[in-house]
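**Q** This is the structure I have questions about; it appears just below.
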Amino acid sequence: MHRITLILILCLLLPDMYIYLVYIVKRTRNILWRSVYWLPTVVLVAIYMYYIYMTGDNALSRHPQGIGRLAVTVMLFAVPKTVFMLCSLFGILMRGISRLLSFIIFHTPFRNPRFPFVAHRLPYTLLGLILGIIGFANILYGAIAGITRFEVKNVEYRSPNIPKGFDGYRVLQLSDIHIGSWLGNPEAIRRLVTLVNEQQADLIVFTGDLVNQQSHELDGFKETLSLLHAPDGVYSILGNHDYGTYYRWHNRKEEAANLEYLIGQQKDMGWKMLNNEHCILYHQGDSIALIGVENDGEPPFSQFADLSKAMQGTEGMFRILLSHNPTHWRREVLPDSDIELTLSGHTHAMQMEIFGHSLSSLIYPEWSGMYYEGKRALYVNVGIGYVGLPFRFGAWPEVTVIKLVSEKE
């Protein structure tokens with residue numbers, strides 16, 4: 001938490017300090033106006049300190065809406081100012097390089113360069129203003145509309161191993177609902193359930209992170225989520241957040257009871273949980289195996305998957321694996337099994353994607369969409385919800401419908 005506090009303060013202070021010294025100080029000597037410039041930053045830091053250090057343990061669980069709004073407000077201030085600062089610094093750099101070239105080539109005084117090495121900072125300042133305004137608008141849209149802009153993605157997976165009876169079979173994938181973030185907005189979840197049921201898929205699967213920190217977040221949504229329906233049922237697995245490891249419990253017994261409660265809640269909703277186990281699905285005289293493992297991420301994320309146990313009894317069948325963390329695919333699924341199709345979530349695409357690119361690609365080789373190794377594939381769903389930051393842009397909340405297509409060898 002102290003690391004997050006330091007990062008937050010730096011993100012706010014660095015661009016503010018630059019703008020203050022380079023622009024504000026030069027444009028006014030009035031102490032009052034200079035002080036007013038710092039007011040938003042001081043207020044935001046004070047509110048953050050109050051939530052994190054004065055409201056007791058588990059602040060995010062106790063005040064998800066308040067902390068979420070604070071996070072968006074910080075972004076609205078920090079991101080445009082940072083963009084402006086970088087453009088301004090680039091303008092200063094280009095002016096310095098131009099002057100240096102003029103000095104070297106024409107031996108002119110450093111502050112009086114000669115054409116064509118005359119560069120002005122103003123165009124870069126204006127570019128920073130324009131990009132800052134665009135960034136502000138995008139953040140505002142992502143926070144107000146982007147988080148509920150549910151998007152249905154229809155994809156196909158083709159394989160000669162798919163039985164004829166499952167040709168055209170449709171699997172609907174949901175992931176990372178993070179239900180605690182939807183407290184105060186139950187209508188969004190009702191719209192999501194309606195949208196899912198309208199797809200009329202044969203099977204619904206959920207690939208983990210149903211809650212943020214504790215299972216009681218689900219209490220007010222259980223009735224709504226129990227309305228999810230598919231002919232072959234709703235199956236789910238656990239994600240890293242579902243274990244309650246981000247909540248400060250009094251003891252291990254309390255933490256274990258939290259997980260048991262979550263599993264019981266899903267059972268009450270009619271969801272069938274696959275914890276290192278499998279089930280056999282039957283359709284038009286054929287069968288396939290649906291396998292589910294517990295979370296298996298790279299450290300510091302939990303590793304509870306037992307893939308070999310989950311696969312036992314499915315030899316020779318077409319298999320679909322549900323595994324929350326996509327890194328599990330390359331670490332174990334590809335080298336230690338012949339599972340054809342794996343479905344994952346977890347990445348959220350860092351809740352932002354621009355022109356097909358996301359910062360999540362710096363951490364996850366597979367972060368969104370379908371990936372292939374030969375005929376074997378991984379699909380990564382960018383999720384429905386969010387943790388802490390109520391914002392999505394480009395990486396819209398995703399409902400995936402995967403059509404299985406049996407093809408000839």
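Lettering and numbering for the structure tokens are positional, with chains as A, B, ... in the shown order, residues counted from 1 in each chain, and ligands counted from 1 in the shown order.
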Give me the residues of segment 145-254 of chain A that have any atom at most 7 Å from an atom of segment 388-396 of chain A; for each, the nearest atom pair and the distance in Å, rounded to one decimal. Use only C-alpha atoms, sort by chain and number, and format it as a Markdown table.

**A**
| residue | atom | partner | partner_atom | distance |
| --- | --- | --- | --- | --- |
| A:Gly146 | CA | A:Arg392 | CA | 5.0 |
| A:Ile147 | CA | A:Arg392 | CA | 5.2 |
| A:Arg149 | CA | A:Trp396 | CA | 6.0 |
| A:Phe150 | CA | A:Trp396 | CA | 6.3 |
| A:Glu151 | CA | A:Trp396 | CA | 6.3 |

**Q** Please write the residues from the selection above to a file, keeping C-alpha atoms, as a tab-separated table (two decimals), in the first residue's frame.

**A**
chain	number	residue	atom	x	y	z
A	146	GLY	CA	-17.16	2.42	-21.15
A	147	ILE	CA	-17.63	0.24	-18.06
A	149	ARG	CA	-20.56	-0.92	-22.92
A	150	PHE	CA	-21.06	-4.70	-23.03
A	151	GLU	CA	-19.75	-6.14	-26.28

**Q** Would you pick out the contacts of Leu93 of chain A at 12 Å or less, using only C-alpha atoms, so that residues sharing its chain but fewer than 5 positions from it are not included, and give the list as a list in words?

**A**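 Counting only C-alpha atoms, the residues come to Leu86, Cys87, Ser88, Ser98, Arg99, Leu100, Ala119, His120, Arg121 and Tyr124 of chain A.
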
**Q** Could you turn the residues from that selection into a file that holds C-alpha atoms, as a PDB file, in the first residue's frame?

**A**
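Dumped everything to part_4.pdb:
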ATOM      1  CA  LEU A  86       5.872  15.184 -22.076  1.00  0.00           C
ATOM      2  CA  CYS A  87       4.938  17.190 -25.194  1.00  0.00           C
ATOM      3  CA  SER A  88       6.346  20.339 -23.640  1.00  0.00           C
ATOM      4  CA  SER A  98      18.107  22.607 -33.289  1.00  0.00           C
ATOM      5  CA  ARG A  99      20.157  25.245 -31.535  1.00  0.00           C
ATOM      6  CA  LEU A 100      23.018  22.795 -31.061  1.00  0.00           C
ATOM      7  CA  ALA A 119      12.503  25.487 -33.638  1.00  0.00           C
ATOM      8  CA  HIS A 120       9.743  26.901 -31.438  1.00  0.00           C
ATOM      9  CA  ARG A 121       8.234  25.278 -28.372  1.00  0.00           C
ATOM     10  CA  TYR A 124       4.541  21.211 -29.002  1.00  0.00           C
TER      11      TYR A 124
END

**Q** Go ahead and compute the interatomic distance for atom CA of Leu321 of chain A and atom CA of Asp306 of chain A, in Å to one decimal.

**A**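 Spanning atom CA of Leu321 of chain A to atom CA of Asp306 of chain A is a straight-line distance of 12.1 Å.
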
**Q** Between A:Arg95, A:Ile52, A:Leu129, A:Arg248, which one has atoms that come closest to Pro116 of chain A, using only C-alpha atoms?

**A**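 Nearest candidate to Pro116 of chain A out of A:Arg95, A:Ile52, A:Leu129, A:Arg248: A:Arg95.
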
**Q** Kindly assemble as JSON lines a list of the segment 342-397 of chain A residues that lie within 7 Å of segment 169-176 of chain A, each paired with its nearest atom pair and their distance in Å to one decimal, using only C-alpha atoms, sorted first by chain and then by ascending residue number.

**A**
{"residue": "A:Gly345", "atom": "CA", "partner": "A:Ser175", "partner_atom": "CA", "distance": 5.6}
{"residue": "A:His346", "atom": "CA", "partner": "A:Asp176", "partner_atom": "CA", "distance": 6.5}
{"residue": "A:Asn381", "atom": "CA", "partner": "A:Ser175", "partner_atom": "CA", "distance": 6.4}
{"residue": "A:Gly383", "atom": "CA", "partner": "A:Ser175", "partner_atom": "CA", "distance": 4.6}
{"residue": "A:Ile384", "atom": "CA", "partner": "A:Asp176", "partner_atom": "CA", "distance": 5.6}
{"residue": "A:Gly385", "atom": "CA", "partner": "A:Asp176", "partner_atom": "CA", "distance": 5.8}

**Q** Quick one: write out the picked residues with N, CA, C and O atoms as a PDB file, in the first residue's frame?

**A**
ATOM      1  N   GLY A 345      -9.129 -15.731 -18.664  1.00  0.00           N
ATOM      2  CA  GLY A 345      -9.491 -14.325 -18.479  1.00  0.00           C
ATOM      3  C   GLY A 345      -8.326 -13.590 -17.855  1.00  0.00           C
ATOM      4  O   GLY A 345      -7.221 -13.581 -18.362  1.00  0.00           O
ATOM      5  N   HIS A 346      -8.588 -12.939 -16.715  1.00  0.00           N
ATOM      6  CA  HIS A 346      -7.565 -12.380 -15.821  1.00  0.00           C
ATOM      7  C   HIS A 346      -6.947 -11.054 -16.254  1.00  0.00           C
ATOM      8  O   HIS A 346      -6.782 -10.149 -15.434  1.00  0.00           O
ATOM      9  N   ASN A 381     -10.509 -13.836 -22.632  1.00  0.00           N
ATOM     10  CA  ASN A 381     -11.616 -12.892 -22.500  1.00  0.00           C
ATOM     11  C   ASN A 381     -11.156 -11.745 -21.601  1.00  0.00           C
ATOM     12  O   ASN A 381     -10.574 -11.975 -20.540  1.00  0.00           O
ATOM     13  N   GLY A 383     -12.852  -9.758 -19.837  1.00  0.00           N
ATOM     14  CA  GLY A 383     -13.630  -9.614 -18.615  1.00  0.00           C
ATOM     15  C   GLY A 383     -14.764  -8.622 -18.691  1.00  0.00           C
ATOM     16  O   GLY A 383     -14.927  -7.869 -19.657  1.00  0.00           O
ATOM     17  N   ILE A 384     -15.549  -8.630 -17.619  1.00  0.00           N
ATOM     18  CA  ILE A 384     -16.719  -7.764 -17.493  1.00  0.00           C
ATOM     19  C   ILE A 384     -16.459  -6.601 -16.552  1.00  0.00           C
ATOM     20  O   ILE A 384     -16.798  -5.459 -16.834  1.00  0.00           O
ATOM     21  N   GLY A 385     -15.863  -6.885 -15.402  1.00  0.00           N
ATOM     22  CA  GLY A 385     -15.750  -5.888 -14.349  1.00  0.00           C
ATOM     23  C   GLY A 385     -14.393  -5.227 -14.252  1.00  0.00           C
ATOM     24  O   GLY A 385     -13.601  -5.218 -15.195  1.00  0.00           O
TER      25      GLY A 385
END
